[in-house]
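J.: Sharing a structure with you now.
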Amino acid sequence: MRVALGVSYRGTAYQGWQSQPGGRTVQDQLELALAQFLDAPVRVMCAGRTDAGVHALNQVVHLDCEAQREPFSWLRGTNRFLPEDIAVQWCRPVEEHFHARNSARGRRYVYVLRESPVRASLEAGLVGWSFRPLDEAALKAASQRLIGEHDFTAFRSAECQAASPVKTIREIRIGRRGSYWRFEFDANAFLHHMVRNIMGCLVAVGTGSRDADWLTAVLQSRDRSLAAPTFAPGGLYFVGPYYDAALQLPEATAAMDWLP
């Protein structure tokens, strides 16, 4: 049978999602826990790989196994073997043609940014930081320059393995609660470092170092060297993918209420 799981994790202690020889990745930890629960080797496929230090609220994975378990047993059994900063949030049986990555209609990310003269302490590793004040109107105006289908080469890392740099950003929403800014990104797919590179440019505009026309010029240049430096990973959260409603897969977890 094929099973889909929703997984949340704090990425601070891990070298990203994708399995590596050292074993200190989220995928390695999850596969180890599942193997202990099922008493058999397990490989999982995720909806979207995250970098070192990046978090996830509803990472979706699928796996094939012969074991028959109730959804509640999957949660309790797998979480028993996981470290405290990784937890399975839900489990659903799915059809054999379901694919966590290829079946997704889109993906969402949130970046949480603290605006303050001093760096974070309690939230260290969980938020980005700007010590300069940000202009909300400038941020929103600039973000709209990125909506639609574009070649996002200027916001793509050199290590990106995507077949095409052309992606469609459907929505960018920006809001503020006290000292904390929330940037929400919705797209059909994202390139490696794409959100963090966009964040670097948006913060440059928001602090007055650049203007919205500069952001448009960067986008059209398709030249990564013209964009701002990659922003810190700690404030980035993979909210998760979304699928056809007929699949009835959860798109929310409790941690989503925790974010500013």
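By convention here, the chains of the structure tokens are called A, B, ... in the order presented, each chain's residues are numbered starting at 1, and ligands are numbered starting at 1 in the order presented.
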What parts of range 44-198 of chain A does DSSP call strand (DSSP E or B)? I'd like the answer as a PyMOL selection string.
T.: chain A and resi 45-46+55-64+86-94+106-115+128-130+148-151+166-177+180-187
J.: Please list as a PDB file with C-alpha atoms, in the first residue's frame every residue within 9 Å of Leu38 in chain A, counting only C-alpha atoms and excluding residues in the same chain fewer than 2 positions away.
T.:
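Ended up saving to around.pdb:
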```
ATOM      1  CA  ALA A  33      12.138   5.953  12.655  1.00  0.00           C
ATOM      2  CA  LEU A  34       9.829   4.398  10.061  1.00  0.00           C
ATOM      3  CA  ALA A  35      12.148   1.416   9.666  1.00  0.00           C
ATOM      4  CA  GLN A  36      12.053   0.850  13.414  1.00  0.00           C
ATOM      5  CA  ALA A  40      11.682  -3.057   7.484  1.00  0.00           C
ATOM      6  CA  PRO A  41      13.802  -0.665   5.368  1.00  0.00           C
ATOM      7  CA  VAL A  42      11.867   2.370   4.145  1.00  0.00           C
ATOM      8  CA  CYS A  65       5.014  -0.733   2.430  1.00  0.00           C
ATOM      9  CA  ALA A  67       2.288  -3.252   6.643  1.00  0.00           C
ATOM     10  CA  GLY A  77       4.467   4.452  16.371  1.00  0.00           C
ATOM     11  CA  THR A  78       6.677   6.631  14.172  1.00  0.00           C
TER      12      THR A  78
END
```
J.: Which neighbours of Gly235 in chain A fall inside 8 Å, counting only C-alpha atoms, when residues of the same chain fewer than 5 positions from it are skipped, and could you give them as a PDB file with C-alpha atoms, in the first residue's frame?
T.:
```
ATOM      1  CA  VAL A  54      14.926  25.648   7.140  1.00  0.00           C
ATOM      2  CA  TYR A 111       9.328  33.784   5.942  1.00  0.00           C
ATOM      3  CA  VAL A 112       9.196  35.312   9.432  1.00  0.00           C
ATOM      4  CA  LEU A 113      11.361  38.384   9.910  1.00  0.00           C
ATOM      5  CA  GLY A 125      17.318  30.215  14.431  1.00  0.00           C
ATOM      6  CA  LEU A 126      13.551  30.646  14.020  1.00  0.00           C
ATOM      7  CA  VAL A 127      13.352  34.151  12.513  1.00  0.00           C
ATOM      8  CA  GLY A 128      15.259  36.331  10.116  1.00  0.00           C
TER       9      GLY A 128
END
```
J.: Which residues of range 25-127 of chain A come within 10 Å of range 164-173 of chain A, and for each one, what is the closest pair of atoms and their distance in Å to one decimal, counting only C-alpha atoms, sorted by chain and residue number, as a tab-separated table?
T.:
```
residue	atom	partner	partner_atom	distance
A:Gly106	CA	A:Arg170	CA	9.2
A:Arg107	CA	A:Ile169	CA	9.8
A:Arg108	CA	A:Glu171	CA	9.5
A:Tyr109	CA	A:Ile172	CA	9.7
A:Val110	CA	A:Arg173	CA	9.4
```
J.: Next, the residues of the selection above should be written as a PDB file, in the first residue's frame with all heavy atoms.
T.:
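In the end it all went to part.pdb:
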```pdb
ATOM      1  N   GLY A 106       0.728  22.996  -6.114  1.00  0.00           N
ATOM      2  CA  GLY A 106       1.494  24.169  -5.731  1.00  0.00           C
ATOM      3  C   GLY A 106       2.131  23.970  -4.374  1.00  0.00           C
ATOM      4  O   GLY A 106       1.927  22.950  -3.714  1.00  0.00           O
ATOM      5  N   ARG A 107       2.920  24.984  -3.970  1.00  0.00           N
ATOM      6  CA  ARG A 107       3.618  24.927  -2.690  1.00  0.00           C
ATOM      7  C   ARG A 107       3.589  26.297  -2.044  1.00  0.00           C
ATOM      8  O   ARG A 107       3.528  27.316  -2.737  1.00  0.00           O
ATOM      9  CB  ARG A 107       5.068  24.456  -2.895  1.00  0.00           C
ATOM     10  CG  ARG A 107       5.169  23.014  -3.368  1.00  0.00           C
ATOM     11  CD  ARG A 107       6.480  22.725  -4.063  1.00  0.00           C
ATOM     12  NE  ARG A 107       6.550  21.334  -4.497  1.00  0.00           N
ATOM     13  CZ  ARG A 107       6.002  20.873  -5.609  1.00  0.00           C
ATOM     14  NH1 ARG A 107       5.338  21.693  -6.416  1.00  0.00           N
ATOM     15  NH2 ARG A 107       6.107  19.592  -5.925  1.00  0.00           N
ATOM     16  N   ARG A 108       3.671  26.301  -0.719  1.00  0.00           N
ATOM     17  CA  ARG A 108       3.644  27.562   0.023  1.00  0.00           C
ATOM     18  C   ARG A 108       4.822  27.639   0.992  1.00  0.00           C
ATOM     19  O   ARG A 108       5.177  26.645   1.620  1.00  0.00           O
ATOM     20  CB  ARG A 108       2.337  27.705   0.804  1.00  0.00           C
ATOM     21  CG  ARG A 108       1.085  27.728  -0.065  1.00  0.00           C
ATOM     22  CD  ARG A 108      -0.148  27.999   0.789  1.00  0.00           C
ATOM     23  NE  ARG A 108      -1.375  28.033   0.001  1.00  0.00           N
ATOM     24  CZ  ARG A 108      -2.232  27.025  -0.088  1.00  0.00           C
ATOM     25  NH1 ARG A 108      -1.997  25.899   0.573  1.00  0.00           N
ATOM     26  NH2 ARG A 108      -3.318  27.117  -0.834  1.00  0.00           N
ATOM     27  N   TYR A 109       5.394  28.816   1.080  1.00  0.00           N
ATOM     28  CA  TYR A 109       6.433  29.106   2.067  1.00  0.00           C
ATOM     29  C   TYR A 109       6.043  30.353   2.850  1.00  0.00           C
ATOM     30  O   TYR A 109       5.347  31.242   2.337  1.00  0.00           O
ATOM     31  CB  TYR A 109       7.783  29.370   1.394  1.00  0.00           C
ATOM     32  CG  TYR A 109       8.574  28.144   1.029  1.00  0.00           C
ATOM     33  CD1 TYR A 109       8.405  27.530  -0.213  1.00  0.00           C
ATOM     34  CD2 TYR A 109       9.512  27.598   1.907  1.00  0.00           C
ATOM     35  CE1 TYR A 109       9.139  26.401  -0.562  1.00  0.00           C
ATOM     36  CE2 TYR A 109      10.251  26.475   1.560  1.00  0.00           C
ATOM     37  CZ  TYR A 109      10.059  25.886   0.332  1.00  0.00           C
ATOM     38  OH  TYR A 109      10.778  24.764  -0.014  1.00  0.00           O
ATOM     39  N   VAL A 110       6.524  30.431   4.082  1.00  0.00           N
ATOM     40  CA  VAL A 110       6.399  31.640   4.893  1.00  0.00           C
ATOM     41  C   VAL A 110       7.786  32.014   5.399  1.00  0.00           C
ATOM     42  O   VAL A 110       8.556  31.129   5.824  1.00  0.00           O
ATOM     43  CB  VAL A 110       5.452  31.427   6.092  1.00  0.00           C
ATOM     44  CG1 VAL A 110       5.623  32.544   7.126  1.00  0.00           C
ATOM     45  CG2 VAL A 110       4.002  31.381   5.641  1.00  0.00           C
TER      46      VAL A 110
END
```
J.: I'd like the contact shell of Val205 in chain A - 10 Å cut-off, only C-alpha atoms, skipping same-chain residues fewer than 6 positions apart - returned as a PyMOL selection string.
T.: chain A and resi 134-136+138-143+199+211-215
J.: Could the residues in this selection be written to a file with N, CA and C atoms, as a short mmCIF file (atom, residue, chain, number, x, y, z; two decimals), in the first residue's frame?
T.:
```cif
data_model
loop_
_atom_site.label_atom_id
_atom_site.label_comp_id
_atom_site.auth_asym_id
_atom_site.auth_seq_id
_atom_site.Cartn_x
_atom_site.Cartn_y
_atom_site.Cartn_z
N LEU A 134 11.55 48.75 8.12
CA LEU A 134 11.06 48.37 6.80
C LEU A 134 9.81 49.17 6.44
N ASP A 135 9.70 49.54 5.17
CA ASP A 135 8.56 50.28 4.66
C ASP A 135 7.57 49.30 4.05
N GLU A 136 6.40 49.17 4.67
CA GLU A 136 5.43 48.17 4.22
C GLU A 136 4.94 48.45 2.80
N ALA A 138 6.46 49.99 0.36
CA ALA A 138 7.52 49.68 -0.60
C ALA A 138 7.67 48.17 -0.79
N LEU A 139 7.57 47.42 0.31
CA LEU A 139 7.66 45.97 0.23
C LEU A 139 6.55 45.38 -0.63
N LYS A 140 5.34 45.84 -0.39
CA LYS A 140 4.20 45.29 -1.13
C LYS A 140 4.26 45.67 -2.60
N ALA A 141 4.65 46.90 -2.88
CA ALA A 141 4.75 47.33 -4.28
C ALA A 141 5.80 46.52 -5.03
N ALA A 142 6.94 46.29 -4.39
CA ALA A 142 8.02 45.54 -5.04
C ALA A 142 7.63 44.09 -5.23
N SER A 143 6.96 43.50 -4.24
CA SER A 143 6.61 42.08 -4.33
C SER A 143 5.71 41.79 -5.52
N MET A 199 13.85 37.22 -0.66
CA MET A 199 13.79 37.94 0.61
C MET A 199 14.93 38.95 0.72
N ASP A 211 15.04 50.33 -4.98
CA ASP A 211 13.64 50.61 -5.25
C ASP A 211 13.02 49.47 -6.05
N ALA A 212 11.71 49.55 -6.28
CA ALA A 212 11.00 48.47 -6.96
C ALA A 212 11.49 48.30 -8.40
N ASP A 213 11.88 49.38 -9.04
CA ASP A 213 12.39 49.26 -10.42
C ASP A 213 13.67 48.42 -10.47
N TRP A 214 14.48 48.55 -9.43
CA TRP A 214 15.70 47.73 -9.36
C TRP A 214 15.35 46.25 -9.30
N LEU A 215 14.32 45.91 -8.51
CA LEU A 215 13.91 44.51 -8.41
C LEU A 215 13.46 43.98 -9.77
#
```
J.: Given the choices A:Asn79, A:Gln27, A:Ser8, A:Gln15, which gets closest to His55 in chain A if the distance is worked out from only C-alpha atoms?
T.: A:Ser8
